[in-house]
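Asks: Next up is a structure, given as structure tokens.
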Amino acid sequence: MSRQFTALEKQTLTAKLLIGFGFGLLIAALIGVNAINSMRVMSEKSNTIYEKELLGISHLKEANINLIYMGRSLQQMMLAQSAVEREKAQLRLDKAQVTLQTELDEARKRIFREDAKWMLTRFDNLFEQYQRNVAHTMELMGKDSHKLDEAVAYIARQEFFYVIDTADDTLTAITKIMENGAYDTAEELAKLAERSNKIASLLLLLGLGIGVVVGLIVGKSIQRPNDRLRNSIEGLAAGRLDDVIPNTDYPNEIGAFARAIQSLQKVYRSMEMQRWIKTYVTEISAQIQQAESYEELARRLLSATCPLLGASIGVLYLHEEGQLRMLASYGWRERKNLNQELVLGEGLLGQSALEKKTITITEPPEDYIKISSALGESTPRVVTVLPIMHGGELVAMMELASFQNIGEREAALLDALLPMIAMTMEILGKNISAQHMLQEAQERAIQIEVQAAQLEEQSVEMAAQQSELQKTEEWYRCIVQSADAMLVIDERGVIILSNPKADTIFGYKSDTLIGQRAEVVVPTWKDFSVSYEDNVDMSKLDALRMDGGAIQINVALTRLPSIGIKTACSCLSIKSLTYPLAA
């Protein structure tokens, strides 16, 4: 019954209304058919009464009357006083006889009962006998009534009256039979009408009952799915977005309405999911943006994310220079044989980092990892490894373990979180770098301040030393200026000092010898310098003046030590000299 009721619910509203009205129309049709059939039968019966019974009785009675007219006309012929009267009586006799025969023929057509037919046959025999008797009587009377007495005697015979009386009784019996038949037919019509009324009343009551039942069923088939849809709409308005919308498979108006509600539910579910995602993305973003280190960010991220994703274990690794370093974990019991650092391509997490693709495994080995609590532990059923990318570059890796697959809403939350996490970690990395740079800059500034203070002290000391040196240099310069002729030559053979007396000996203006090669004034200087590595008290050398004149000089060679930026130098003291040699 439930299957049939469900099939009825799936029908269109038009079909349900047609079903409801159809039963009523069917009952009305049955009542109409019964009435039509009853009317037809009653009409046939009425026609039978009229066409056969009543008309037949009428013709029989008319025949009976004409039978009486024949006997009366025959008596009038016998009592007529003249030939004219006798002739008129005979005409009436002939007419009555013809009329009787005609009425009898008409009645014969309408007699269908066997007893009436049998009696009609008897009447025909009696009527033939009566006609013979009448004919014999008329023969006895003749035209001149010469045998009238014989005719009267013949009519007065008992046989003559027996024939006429029996014929009359036969017609009366036939009429009675037909009247009884008409009465029976009328009673049958009355019973038929009563039965037709009863059947019509019964059909009417049955139709009303069936109509009420069908109406209730059809109404229920409309009300029940409507109630279910109303409950679904109320649940949708109350926020129960995961309720199953019923009747979506119905191929009717209810199904179309249910599918429209289902589409609306999908829209609401999408909106609710977006609201849920935005709420938690904003909340998690606010939490991790307050972190001042990668480790703090990882702890806050996993603590906020794992419960939302249904993950019982979560681990976050930072990607640094081709290596993965674990920052923090959630619900994970550390084991000594697990590496805190991995290289790209090492293990499932390293392979995911190398390929920069998400990897999900179901039903991991029993010894892979355990989700444990105070009551016990069990192996997770789903392990997911996710790369966290920013600008196409790997920033970090997240590994999650749970007892069930990540749902659609949780996957959408992850899709929204991962770019935000990558960006936050990127910003945090830059902040950390900036902090390191700021700290280094502050340390350098402190060092620079210390060095500046030291330099300032050194500059004061150097200024004092410089002033002292300048004074000393000036003091020594005065000594050099007042001493004998003197040249100072560096290890490259370049004159770096010449006093006025030396300039005079060689014929140069003051300070013009400085920066020139020693060979300009002492051509043999190179050999002389190499020959005498140590100090020489006095030696005679050939020299050249600026004008090209050759002179001889006596020199004393003193090796000066290197001081600071000053390299080892040679000091030539010219003790005596000769005038220029003749060419």
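Every chain in the structure tokens takes a letter, A first, then B, and so on in the order presented; its residues are numbered from 1, and the ligands are numbered from 1 following the presented order.
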Could you pull out the strand (DSSP E or B) residues of segment 225-452 of chain A, going by DSSP on the backbone, and write them as number ranges by chain?
Replies: A: 313-320, 323-330, 341-343, 359-362, 371-372, 377-378, 382-390, 393-402
Asks: Based on the selection just made, write C-alpha atoms of those residues as a PDB file, in the first residue's frame.
Replies:
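Heads up, here's the output in again23.pdb:
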ATOM      1  CA  ILE A 313      48.053  15.217  14.596  1.00  0.00           C
ATOM      2  CA  GLY A 314      49.638  18.160  12.825  1.00  0.00           C
ATOM      3  CA  VAL A 315      53.254  19.107  12.082  1.00  0.00           C
ATOM      4  CA  LEU A 316      54.674  22.250  10.415  1.00  0.00           C
ATOM      5  CA  TYR A 317      58.112  22.374   8.769  1.00  0.00           C
ATOM      6  CA  LEU A 318      59.961  25.478   7.564  1.00  0.00           C
ATOM      7  CA  HIS A 319      61.812  25.394   4.250  1.00  0.00           C
ATOM      8  CA  GLU A 320      65.303  26.934   4.531  1.00  0.00           C
ATOM      9  CA  GLN A 323      66.112  21.731   4.035  1.00  0.00           C
ATOM     10  CA  LEU A 324      62.943  21.280   6.087  1.00  0.00           C
ATOM     11  CA  ARG A 325      63.120  22.140   9.790  1.00  0.00           C
ATOM     12  CA  MET A 326      60.282  21.214  12.127  1.00  0.00           C
ATOM     13  CA  LEU A 327      58.840  24.235  13.890  1.00  0.00           C
ATOM     14  CA  ALA A 328      56.006  22.829  16.015  1.00  0.00           C
ATOM     15  CA  SER A 329      53.549  19.951  16.305  1.00  0.00           C
ATOM     16  CA  TYR A 330      49.986  19.333  17.488  1.00  0.00           C
ATOM     17  CA  GLU A 341      65.187  18.098   9.879  1.00  0.00           C
ATOM     18  CA  LEU A 342      64.683  16.702   6.381  1.00  0.00           C
ATOM     19  CA  VAL A 343      66.082  17.420   2.948  1.00  0.00           C
ATOM     20  CA  ILE A 359      50.065  13.950  -1.301  1.00  0.00           C
ATOM     21  CA  THR A 360      47.336  11.997   0.506  1.00  0.00           C
ATOM     22  CA  ILE A 361      47.625   8.404   1.637  1.00  0.00           C
ATOM     23  CA  THR A 362      44.864   6.287   3.130  1.00  0.00           C
ATOM     24  CA  ILE A 371      47.131   9.004  17.433  1.00  0.00           C
ATOM     25  CA  SER A 372      47.192   8.623  21.189  1.00  0.00           C
ATOM     26  CA  GLU A 377      46.088   4.953  20.717  1.00  0.00           C
ATOM     27  CA  SER A 378      45.322   4.003  17.120  1.00  0.00           C
ATOM     28  CA  VAL A 382      44.297   9.400   6.348  1.00  0.00           C
ATOM     29  CA  VAL A 383      47.622  11.265   6.158  1.00  0.00           C
ATOM     30  CA  THR A 384      47.811  14.465   4.090  1.00  0.00           C
ATOM     31  CA  VAL A 385      50.987  16.392   3.235  1.00  0.00           C
ATOM     32  CA  LEU A 386      50.504  19.940   1.917  1.00  0.00           C
ATOM     33  CA  PRO A 387      53.124  22.320   0.487  1.00  0.00           C
ATOM     34  CA  ILE A 388      52.717  25.979   1.478  1.00  0.00           C
ATOM     35  CA  MET A 389      53.687  28.106  -1.541  1.00  0.00           C
ATOM     36  CA  HIS A 390      54.195  31.823  -2.089  1.00  0.00           C
ATOM     37  CA  GLU A 393      58.357  29.215  -4.109  1.00  0.00           C
ATOM     38  CA  LEU A 394      58.126  26.670  -1.312  1.00  0.00           C
ATOM     39  CA  VAL A 395      57.787  28.346   2.104  1.00  0.00           C
ATOM     40  CA  ALA A 396      56.780  25.524   4.451  1.00  0.00           C
ATOM     41  CA  MET A 397      55.246  22.053   4.652  1.00  0.00           C
ATOM     42  CA  MET A 398      52.252  20.903   6.706  1.00  0.00           C
ATOM     43  CA  GLU A 399      51.444  17.270   7.535  1.00  0.00           C
ATOM     44  CA  LEU A 400      48.061  16.257   8.978  1.00  0.00           C
ATOM     45  CA  ALA A 401      46.867  12.872  10.249  1.00  0.00           C
ATOM     46  CA  SER A 402      43.224  12.047  11.027  1.00  0.00           C
TER      47      SER A 402
END
Asks: Write out as a PyMOL selection string each polymer residue whose atoms come within 9 Å of segment 160-175 of chain A, counting only C-alpha atoms; drop sequence neighbours fewer than 2 positions from it.
Replies: chain A and resi 56-58+60-61+63-64+67-68+71+111+115-117+119-120+122-127+129-130+133+154-158+177-180
Asks: Work out how far atom CA of Glu346 of chain A is from atom CA of Leu308 of chain A, in Å to one decimal.
Replies: 28.8 Å
Asks: Select from segment 270-446 of chain A everything DSSP, run on the backbone, classes as helix (DSSP H, G or I), then give the selection as a ChimeraX atom specification.
Replies: /A:270-289,294-309,347-355,408-446
Asks: For segment 273-286 of chain A, please output as a short mmCIF file (atom, residue, chain, number, x, y, z; two decimals) with all heavy atoms, in the first residue's frame all residues within 8 Å (counting only C-alpha atoms; exclusion window: fewer than 2 positions along the same chain).
Replies:
data_model
loop_
_atom_site.label_atom_id
_atom_site.label_comp_id
_atom_site.auth_asym_id
_atom_site.auth_seq_id
_atom_site.Cartn_x
_atom_site.Cartn_y
_atom_site.Cartn_z
N ARG A 269 24.14 26.82 1.64
CA ARG A 269 25.28 26.06 2.17
C ARG A 269 26.59 26.67 1.71
O ARG A 269 27.54 26.78 2.49
CB ARG A 269 25.17 24.62 1.69
CG ARG A 269 26.18 23.66 2.33
CD ARG A 269 25.96 22.26 1.80
NE ARG A 269 24.66 21.74 2.19
CZ ARG A 269 24.13 20.63 1.68
NH1 ARG A 269 24.80 19.96 0.74
NH2 ARG A 269 22.95 20.20 2.08
N SER A 270 26.62 27.10 0.43
CA SER A 270 27.83 27.76 -0.08
C SER A 270 28.08 29.08 0.65
O SER A 270 29.22 29.38 1.03
CB SER A 270 27.69 28.00 -1.58
OG SER A 270 28.81 28.69 -2.08
N MET A 271 27.00 29.85 0.86
CA MET A 271 27.15 31.11 1.58
C MET A 271 27.61 30.87 3.02
O MET A 271 28.48 31.58 3.54
CB MET A 271 25.83 31.87 1.55
CG MET A 271 25.43 32.37 0.17
SD MET A 271 23.77 33.11 0.16
CE MET A 271 24.00 34.46 1.30
N ILE A 288 47.95 34.35 14.06
CA ILE A 288 49.34 34.08 13.64
C ILE A 288 50.09 35.36 13.28
O ILE A 288 51.32 35.36 13.29
CB ILE A 288 49.36 33.09 12.46
CG1 ILE A 288 48.72 33.70 11.20
CG2 ILE A 288 48.68 31.79 12.83
CD1 ILE A 288 48.81 32.78 10.00
N GLN A 289 49.38 36.43 12.96
CA GLN A 289 50.07 37.68 12.64
C GLN A 289 50.69 38.31 13.88
O GLN A 289 51.55 39.19 13.77
CB GLN A 289 49.10 38.66 11.98
CG GLN A 289 48.79 38.33 10.54
CD GLN A 289 47.79 39.27 9.92
OE1 GLN A 289 47.33 40.21 10.56
NE2 GLN A 289 47.44 39.02 8.67
N GLN A 290 50.24 37.88 15.07
CA GLN A 290 50.82 38.39 16.30
C GLN A 290 52.08 37.65 16.71
O GLN A 290 52.74 38.04 17.67
CB GLN A 290 49.79 38.29 17.43
CG GLN A 290 48.53 39.14 17.19
CD GLN A 290 47.48 38.91 18.26
OE1 GLN A 290 47.71 38.18 19.21
NE2 GLN A 290 46.33 39.56 18.10
N LEU A 301 49.18 28.37 14.74
CA LEU A 301 48.50 27.89 13.52
C LEU A 301 47.95 26.49 13.73
O LEU A 301 46.77 26.22 13.45
CB LEU A 301 49.47 27.92 12.34
CG LEU A 301 48.95 27.31 11.04
CD1 LEU A 301 47.77 28.12 10.50
CD2 LEU A 301 50.05 27.23 10.00
N ALA A 304 44.99 26.28 16.21
CA ALA A 304 43.73 26.82 15.70
C ALA A 304 43.19 26.01 14.54
O ALA A 304 41.97 25.92 14.35
CB ALA A 304 43.92 28.28 15.28
N THR A 305 44.07 25.39 13.74
CA THR A 305 43.65 24.77 12.49
C THR A 305 43.27 23.30 12.66
O THR A 305 42.27 22.85 12.10
CB THR A 305 44.77 24.89 11.45
OG1 THR A 305 45.13 26.26 11.30
CG2 THR A 305 44.32 24.33 10.10
N ARG A 409 34.13 21.34 3.10
CA ARG A 409 34.27 22.62 3.77
C ARG A 409 35.68 22.80 4.32
O ARG A 409 36.28 23.88 4.20
CB ARG A 409 33.24 22.72 4.90
CG ARG A 409 33.21 24.08 5.58
CD ARG A 409 32.10 24.16 6.61
NE ARG A 409 32.33 23.27 7.74
CZ ARG A 409 31.61 23.28 8.85
NH1 ARG A 409 30.60 24.14 8.97
NH2 ARG A 409 31.87 22.45 9.83
N ALA A 412 38.09 23.54 1.52
CA ALA A 412 37.99 24.94 1.11
C ALA A 412 38.67 25.86 2.11
O ALA A 412 39.31 26.85 1.73
CB ALA A 412 36.51 25.33 0.95
N LEU A 413 38.55 25.54 3.41
CA LEU A 413 39.25 26.33 4.43
C LEU A 413 40.76 26.24 4.24
O LEU A 413 41.47 27.26 4.34
CB LEU A 413 38.86 25.83 5.82
CG LEU A 413 39.56 26.50 7.00
CD1 LEU A 413 39.24 27.99 7.04
CD2 LEU A 413 39.18 25.84 8.32
N ALA A 416 41.92 28.37 1.39
CA ALA A 416 41.97 29.79 1.73
C ALA A 416 43.09 30.09 2.72
O ALA A 416 43.65 31.20 2.71
CB ALA A 416 40.63 30.23 2.31
N LEU A 417 43.43 29.13 3.59
CA LEU A 417 44.44 29.37 4.62
C LEU A 417 45.86 29.32 4.08
O LEU A 417 46.71 30.14 4.48
CB LEU A 417 44.30 28.33 5.74
CG LEU A 417 43.24 28.59 6.82
CD1 LEU A 417 43.19 27.42 7.78
CD2 LEU A 417 43.56 29.87 7.57
N MET A 420 47.39 32.50 2.74
CA MET A 420 47.53 33.46 3.84
C MET A 420 48.67 33.07 4.76
O MET A 420 49.44 33.92 5.22
CB MET A 420 46.20 33.52 4.60
CG MET A 420 46.16 34.56 5.72
SD MET A 420 46.75 33.88 7.29
CE MET A 420 45.49 32.66 7.61
N ILE A 421 48.81 31.76 5.04
CA ILE A 421 49.91 31.28 5.88
C ILE A 421 51.25 31.59 5.22
O ILE A 421 52.19 32.08 5.87
CB ILE A 421 49.77 29.78 6.16
CG1 ILE A 421 48.49 29.50 6.96
CG2 ILE A 421 50.98 29.23 6.89
CD1 ILE A 421 48.16 28.02 7.07
#
Asks: Quick one: everything within 12 Å of Ser539 of chain A, counting only C-alpha atoms, minus sequence neighbours fewer than 2 positions away in the same chain. Send it as a PyMOL selection string.
Replies: chain A and resi 528-529+531-532+535-537+541-542+552-558+572-577
Asks: Ranking A:Tyr268, A:Asn247, A:Lys430, A:Cys571 by minimum distance to Ser498 of chain A and counting only C-alpha atoms, which one comes first?
Replies: A:Cys571
Asks: Counting only C-alpha atoms, which residues in segment 30-89 of chain A sit no more than 8 Å from segment 196-199 of chain A? For each one, give the nearest pair of atoms and the distance in Å, sorted by chain then residue number, as a tab-separated table.
Replies:
residue	atom	partner	partner_atom	distance
A:Ile31	CA	A:Ile199	CA	7.8
A:Asn34	CA	A:Ser196	CA	6.9
A:Ala35	CA	A:Ser196	CA	6.7
A:Ser38	CA	A:Ser196	CA	6.2
